[in-house]
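To be precise, the following lines are entry_39.pdb, and they hold PDB, C-alpha atoms, pLDDT in the B column.
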ATOM      1  CA  MET A  29       0.000   0.000   0.000  1.00 83.00           C
ATOM      2  CA  ALA A  30       1.346   3.403  -0.945  1.00 93.00           C
ATOM      3  CA  THR A  31       1.764   5.923   1.818  1.00 92.00           C
ATOM      4  CA  LYS A  32       2.301   9.646   1.886  1.00 95.00           C
ATOM      5  CA  LYS A  33       3.917  11.736   4.585  1.00 94.00           C
ATOM      6  CA  VAL A  34       1.803  14.643   5.854  1.00 94.00           C
ATOM      7  CA  THR A  35       2.133  17.277   8.542  1.00 95.00           C
ATOM      8  CA  VAL A  36      -0.587  17.738  11.144  1.00 94.00           C
ATOM      9  CA  THR A  37      -0.854  19.899  14.232  1.00 96.00           C
ATOM     10  CA  ILE A  38      -1.877  18.131  17.443  1.00 95.00           C
ATOM     11  CA  PRO A  39      -2.124  19.581  20.957  1.00 97.00           C
ATOM     12  CA  GLU A  40       1.044  18.656  22.851  1.00 96.00           C
ATOM     13  CA  ASP A  41      -0.737  16.987  25.772  1.00 96.00           C
ATOM     14  CA  LEU A  42      -2.750  14.774  23.398  1.00 95.00           C
ATOM     15  CA  LEU A  43       0.371  13.864  21.438  1.00 94.00           C
ATOM     16  CA  ASP A  44       2.125  12.823  24.664  1.00 94.00           C
ATOM     17  CA  GLU A  45      -0.802  10.554  25.581  1.00 94.00           C
ATOM     18  CA  ILE A  46      -0.956   9.026  22.100  1.00 94.00           C
ATOM     19  CA  ARG A  47       2.779   8.365  21.994  1.00 93.00           C
ATOM     20  CA  ALA A  48       2.563   6.585  25.346  1.00 92.00           C
ATOM     21  CA  GLU A  49      -0.303   4.387  24.118  1.00 91.00           C
ATOM     22  CA  ALA A  50       1.131   3.766  20.651  1.00 91.00           C
ATOM     23  CA  ALA A  51       4.661   2.945  21.755  1.00 87.00           C
ATOM     24  CA  GLU A  52       4.977  -0.565  20.268  1.00 88.00           C
ATOM     25  CA  ARG A  53       3.007  -0.120  17.067  1.00 90.00           C
ATOM     26  CA  GLY A  54       4.165   3.425  16.407  1.00 93.00           C
ATOM     27  CA  LEU A  55       2.528   6.799  16.066  1.00 93.00           C
ATOM     28  CA  SER A  56       1.793   6.469  12.335  1.00 94.00           C
ATOM     29  CA  ALA A  57      -0.019   3.153  12.797  1.00 94.00           C
ATOM     30  CA  TYR A  58      -2.001   4.565  15.722  1.00 94.00           C
ATOM     31  CA  VAL A  59      -3.066   7.664  13.789  1.00 94.00           C
ATOM     32  CA  THR A  60      -3.923   5.605  10.689  1.00 95.00           C
ATOM     33  CA  GLU A  61      -6.134   3.322  12.763  1.00 95.00           C
ATOM     34  CA  ALA A  62      -7.832   6.306  14.425  1.00 96.00           C
ATOM     35  CA  LEU A  63      -8.501   7.983  11.073  1.00 96.00           C
ATOM     36  CA  ARG A  64      -9.945   4.783   9.598  1.00 97.00           C
ATOM     37  CA  PHE A  65     -12.169   4.394  12.645  1.00 97.00           C
ATOM     38  CA  LYS A  66     -13.398   7.993  12.309  1.00 98.00           C
ATOM     39  CA  ARG A  67     -14.004   7.591   8.568  1.00 98.00           C
ATOM     40  CA  ASP A  68     -15.987   4.394   9.169  1.00 97.00           C
ATOM     41  CA  ARG A  69     -18.092   6.074  11.866  1.00 97.00           C
ATOM     42  CA  ASP A  70     -18.800   9.008   9.533  1.00 97.00           C
ATOM     43  CA  ARG A  71     -19.940   6.582   6.825  1.00 98.00           C
ATOM     44  CA  LEU A  72     -22.092   4.716   9.314  1.00 96.00           C
ATOM     45  CA  ARG A  73     -23.675   8.009  10.410  1.00 96.00           C
ATOM     46  CA  GLU A  74     -24.443   8.838   6.761  1.00 97.00           C
ATOM     47  CA  LEU A  75     -26.062   5.421   6.312  1.00 96.00           C
ATOM     48  CA  SER A  76     -28.056   5.817   9.504  1.00 93.00           C
ATOM     49  CA  ASP A  77     -29.282   9.261   8.442  1.00 95.00           C
ATOM     50  CA  TRP A  78     -30.285   7.931   5.010  1.00 96.00           C
ATOM     51  CA  LEU A  79     -32.103   4.938   6.512  1.00 94.00           C
ATOM     52  CA  GLN A  80     -34.043   7.226   8.851  1.00 94.00           C
ATOM     53  CA  GLU A  81     -35.020   9.451   5.932  1.00 96.00           C
ATOM     54  CA  GLU A  82     -36.153   6.447   3.896  1.00 96.00           C
ATOM     55  CA  HIS A  83     -37.819   4.355   6.626  1.00 94.00           C
ATOM     56  CA  GLY A  84     -38.381   6.624   9.607  1.00 94.00           C
ATOM     57  CA  SER A  85     -36.899   6.487  13.068  1.00 92.00           C
ATOM     58  CA  LEU A  86     -36.603   3.309  15.098  1.00 90.00           C
ATOM     59  CA  THR A  87     -39.314   2.460  17.554  1.00 93.00           C
ATOM     60  CA  GLU A  88     -38.317   2.139  21.209  1.00 95.00           C
ATOM     61  CA  GLU A  89     -38.714  -1.648  20.924  1.00 96.00           C
ATOM     62  CA  GLU A  90     -36.379  -1.775  17.900  1.00 93.00           C
ATOM     63  CA  ARG A  91     -33.838   0.409  19.672  1.00 93.00           C
ATOM     64  CA  THR A  92     -33.947  -1.768  22.806  1.00 96.00           C
ATOM     65  CA  ALA A  93     -33.526  -4.953  20.745  1.00 96.00           C
ATOM     66  CA  ALA A  94     -30.563  -3.455  18.882  1.00 94.00           C
ATOM     67  CA  PHE A  95     -28.819  -2.423  22.109  1.00 95.00           C
ATOM     68  CA  GLU A  96     -29.412  -5.865  23.610  1.00 97.00           C
ATOM     69  CA  GLU A  97     -27.831  -7.473  20.551  1.00 97.00           C
ATOM     70  CA  LEU A  98     -24.859  -5.108  20.756  1.00 95.00           C
ATOM     71  CA  GLU A  99     -24.389  -5.990  24.428  1.00 97.00           C
ATOM     72  CA  GLU A 100     -24.372  -9.690  23.509  1.00 97.00           C
ATOM     73  CA  LEU A 101     -21.785  -9.062  20.773  1.00 96.00           C
ATOM     74  CA  ASP A 102     -19.634  -7.032  23.173  1.00 96.00           C
ATOM     75  CA  ALA A 103     -19.820  -9.798  25.773  1.00 96.00           C
ATOM     76  CA  GLU A 104     -18.820 -12.422  23.200  1.00 95.00           C
ATOM     77  CA  HIS A 105     -15.941 -10.254  22.008  1.00 94.00           C
ATOM     78  CA  GLU A 106     -14.737  -9.820  25.591  1.00 94.00           C
ATOM     79  CA  ARG A 107     -14.968 -13.593  26.227  1.00 95.00           C
ATOM     80  CA  ARG A 108     -12.879 -14.313  23.126  1.00 94.00           C
ATOM     81  CA  ARG A 109     -10.348 -11.628  23.961  1.00 92.00           C
ATOM     82  CA  ALA A 110      -9.977 -12.930  27.515  1.00 93.00           C
ATOM     83  CA  ALA A 111      -9.544 -16.470  26.213  1.00 92.00           C
ATOM     84  CA  GLY A 112      -7.083 -15.315  23.558  1.00 85.00           C
ATOM     85  CA  THR A 113      -8.989 -17.110  20.797  1.00 69.00           C
ATOM     86  CA  HIS A 114     -10.124 -15.689  17.489  1.00 61.00           C
ATOM     87  CA  GLY A 115     -11.825 -17.616  14.719  1.00 59.00           C
ATOM     88  CA  ALA A 116     -10.964 -17.332  11.036  1.00 54.00           C
ATOM     89  CA  GLY A 117     -11.665 -13.896   9.638  1.00 55.00           C
ATOM     90  CA  GLU A 118     -12.054 -12.279  13.042  1.00 53.00           C
ATOM     91  CA  ALA A 119     -10.128  -9.220  14.094  1.00 54.00           C
ATOM     92  CA  ALA A 120      -8.009  -9.469  17.200  1.00 47.00           C
TER
END
Could you render the structure as structure tokens?
Amino acid sequence: MATKKVTVTIPEDLLDEIRAEAAERGLSAYVTEALRFKRDRDRLRELSDWLQEEHGSLTEEERTAAFEELEELDAEHERRRAAGTHGAGEAA
């Protein structure tokens, strides 16, 4: 994958925190991951907005069911992370 060097301005205190957290994988990898995460969330927000325009807002029952399913997925993810096991195609 091609890369390009850019210059960004980041508050010093935030940069210090990020460097401490990103020590092993490096600052560039940390920032790349953060930017991808932000881009994906922006795209998800666009999809959500479009779906609401097309189909209306979720009912309270639909919202509750969705949050319950997310909690189950989070719990499963935590179980797998604690056990150190990941199936094929799963992110660590």
Closest contacts (range 36-67 of chain A/range 72-84 of chain A, max 12 Å, all atoms listed in the file) as JSON lines:
{"residue": "A:Phe65", "atom": "CA", "partner": "A:Leu72", "partner_atom": "CA", "distance": 10.5}
{"residue": "A:Lys66", "atom": "CA", "partner": "A:Leu72", "partner_atom": "CA", "distance": 9.8}
{"residue": "A:Arg67", "atom": "CA", "partner": "A:Leu72", "partner_atom": "CA", "distance": 8.6}
Between CA of Glu40 in chain A and CA of Asp68 in chain A, what distance in Å does the model show, to one decimal? 26.1 Å
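Pairwise distance (CA of Ile46 in chain A, CA of Lys32 in chain A) equals 20.5 Å.
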Can you give me, as a PyMOL selection string, the residues this file yields under the PyMOL selection byres ((chain A and resi 59) around 12)? chain A and resi 34+36+38+42-43+46-47+49-50+53-58+60-66
Two-atom distance - CA of Thr92 in chain A, CA of His105 in chain A (Å): 19.9 Å
Box dimensions and centre (Å, one decimal) enclosing range 39-42 of chain A, axis-aligned, 5 Å extra per side, as JSON:
{"center_x": -0.9, "center_y": 17.2, "center_z": 23.4, "size_x": 13.8, "size_y": 14.8, "size_z": 14.8}
Hey, could you patch up range 34-61 of chain A with N, CA and C atoms and hand it over as a PDB file, keeping the file's coordinate frame?
ATOM      1  N   VAL A  34       2.528  13.383   5.705  1.00 94.00           N
ATOM      2  CA  VAL A  34       1.803  14.643   5.854  1.00 94.00           C
ATOM      3  C   VAL A  34       2.190  15.286   7.180  1.00 94.00           C
ATOM      4  N   THR A  35       1.885  16.551   7.292  1.00 95.00           N
ATOM      5  CA  THR A  35       2.133  17.277   8.542  1.00 95.00           C
ATOM      6  C   THR A  35       0.797  17.654   9.147  1.00 95.00           C
ATOM      7  N   VAL A  36       0.624  17.365  10.426  1.00 94.00           N
ATOM      8  CA  VAL A  36      -0.587  17.738  11.144  1.00 94.00           C
ATOM      9  C   VAL A  36      -0.193  18.426  12.441  1.00 94.00           C
ATOM     10  N   THR A  37      -1.088  19.218  12.964  1.00 96.00           N
ATOM     11  CA  THR A  37      -0.854  19.899  14.232  1.00 96.00           C
ATOM     12  C   THR A  37      -1.764  19.275  15.284  1.00 96.00           C
ATOM     13  N   ILE A  38      -1.157  18.817  16.362  1.00 95.00           N
ATOM     14  CA  ILE A  38      -1.877  18.131  17.443  1.00 95.00           C
ATOM     15  C   ILE A  38      -1.497  18.793  18.762  1.00 95.00           C
ATOM     16  N   PRO A  39      -2.466  19.028  19.646  1.00 97.00           N
ATOM     17  CA  PRO A  39      -2.124  19.581  20.957  1.00 97.00           C
ATOM     18  C   PRO A  39      -1.063  18.709  21.647  1.00 97.00           C
ATOM     19  N   GLU A  40      -0.101  19.356  22.265  1.00 96.00           N
ATOM     20  CA  GLU A  40       1.044  18.656  22.851  1.00 96.00           C
ATOM     21  C   GLU A  40       0.631  17.611  23.880  1.00 96.00           C
ATOM     22  N   ASP A  41      -0.332  17.946  24.743  1.00 96.00           N
ATOM     23  CA  ASP A  41      -0.737  16.987  25.772  1.00 96.00           C
ATOM     24  C   ASP A  41      -1.372  15.741  25.148  1.00 96.00           C
ATOM     25  N   LEU A  42      -2.157  15.918  24.081  1.00 95.00           N
ATOM     26  CA  LEU A  42      -2.750  14.774  23.398  1.00 95.00           C
ATOM     27  C   LEU A  42      -1.673  13.934  22.722  1.00 95.00           C
ATOM     28  N   LEU A  43      -0.716  14.578  22.094  1.00 94.00           N
ATOM     29  CA  LEU A  43       0.371  13.864  21.438  1.00 94.00           C
ATOM     30  C   LEU A  43       1.157  13.022  22.445  1.00 94.00           C
ATOM     31  N   ASP A  44       1.415  13.576  23.624  1.00 94.00           N
ATOM     32  CA  ASP A  44       2.125  12.823  24.664  1.00 94.00           C
ATOM     33  C   ASP A  44       1.345  11.571  25.057  1.00 94.00           C
ATOM     34  N   GLU A  45       0.030  11.700  25.218  1.00 94.00           N
ATOM     35  CA  GLU A  45      -0.802  10.554  25.581  1.00 94.00           C
ATOM     36  C   GLU A  45      -0.794   9.505  24.472  1.00 94.00           C
ATOM     37  N   ILE A  46      -0.923   9.955  23.234  1.00 94.00           N
ATOM     38  CA  ILE A  46      -0.956   9.026  22.100  1.00 94.00           C
ATOM     39  C   ILE A  46       0.379   8.303  21.962  1.00 94.00           C
ATOM     40  N   ARG A  47       1.461   9.016  22.089  1.00 93.00           N
ATOM     41  CA  ARG A  47       2.779   8.365  21.994  1.00 93.00           C
ATOM     42  C   ARG A  47       2.946   7.295  23.063  1.00 93.00           C
ATOM     43  N   ALA A  48       2.461   7.566  24.265  1.00 92.00           N
ATOM     44  CA  ALA A  48       2.563   6.585  25.346  1.00 92.00           C
ATOM     45  C   ALA A  48       1.747   5.334  25.019  1.00 92.00           C
ATOM     46  N   GLU A  49       0.564   5.520  24.454  1.00 91.00           N
ATOM     47  CA  GLU A  49      -0.303   4.387  24.118  1.00 91.00           C
ATOM     48  C   GLU A  49       0.177   3.637  22.880  1.00 91.00           C
ATOM     49  N   ALA A  50       0.773   4.340  21.942  1.00 91.00           N
ATOM     50  CA  ALA A  50       1.131   3.766  20.651  1.00 91.00           C
ATOM     51  C   ALA A  50       2.568   3.266  20.596  1.00 91.00           C
ATOM     52  N   ALA A  51       3.227   3.218  21.707  1.00 87.00           N
ATOM     53  CA  ALA A  51       4.661   2.945  21.755  1.00 87.00           C
ATOM     54  C   ALA A  51       5.104   1.788  20.860  1.00 87.00           C
ATOM     55  N   GLU A  52       4.515   0.606  21.015  1.00 88.00           N
ATOM     56  CA  GLU A  52       4.977  -0.565  20.268  1.00 88.00           C
ATOM     57  C   GLU A  52       4.623  -0.517  18.790  1.00 88.00           C
ATOM     58  N   ARG A  53       3.413  -0.100  18.479  1.00 90.00           N
ATOM     59  CA  ARG A  53       3.007  -0.120  17.067  1.00 90.00           C
ATOM     60  C   ARG A  53       3.396   1.136  16.324  1.00 90.00           C
ATOM     61  N   GLY A  54       3.712   2.200  17.044  1.00 93.00           N
ATOM     62  CA  GLY A  54       4.165   3.425  16.407  1.00 93.00           C
ATOM     63  C   GLY A  54       3.056   4.438  16.213  1.00 93.00           C
ATOM     64  N   LEU A  55       3.462   5.691  16.182  1.00 93.00           N
ATOM     65  CA  LEU A  55       2.528   6.799  16.066  1.00 93.00           C
ATOM     66  C   LEU A  55       1.768   6.758  14.740  1.00 93.00           C
ATOM     67  N   SER A  56       2.459   6.495  13.642  1.00 94.00           N
ATOM     68  CA  SER A  56       1.793   6.469  12.335  1.00 94.00           C
ATOM     69  C   SER A  56       0.698   5.405  12.291  1.00 94.00           C
ATOM     70  N   ALA A  57       0.981   4.223  12.792  1.00 94.00           N
ATOM     71  CA  ALA A  57      -0.019   3.153  12.797  1.00 94.00           C
ATOM     72  C   ALA A  57      -1.207   3.536  13.675  1.00 94.00           C
ATOM     73  N   TYR A  58      -0.935   4.143  14.810  1.00 94.00           N
ATOM     74  CA  TYR A  58      -2.001   4.565  15.722  1.00 94.00           C
ATOM     75  C   TYR A  58      -2.905   5.601  15.058  1.00 94.00           C
ATOM     76  N   VAL A  59      -2.299   6.604  14.441  1.00 94.00           N
ATOM     77  CA  VAL A  59      -3.066   7.664  13.789  1.00 94.00           C
ATOM     78  C   VAL A  59      -3.840   7.105  12.595  1.00 94.00           C
ATOM     79  N   THR A  60      -3.231   6.224  11.827  1.00 95.00           N
ATOM     80  CA  THR A  60      -3.923   5.605  10.689  1.00 95.00           C
ATOM     81  C   THR A  60      -5.157   4.852  11.165  1.00 95.00           C
ATOM     82  N   GLU A  61      -5.003   4.074  12.225  1.00 95.00           N
ATOM     83  CA  GLU A  61      -6.134   3.322  12.763  1.00 95.00           C
ATOM     84  C   GLU A  61      -7.231   4.272  13.255  1.00 95.00           C
TER      85      GLU A  61
END
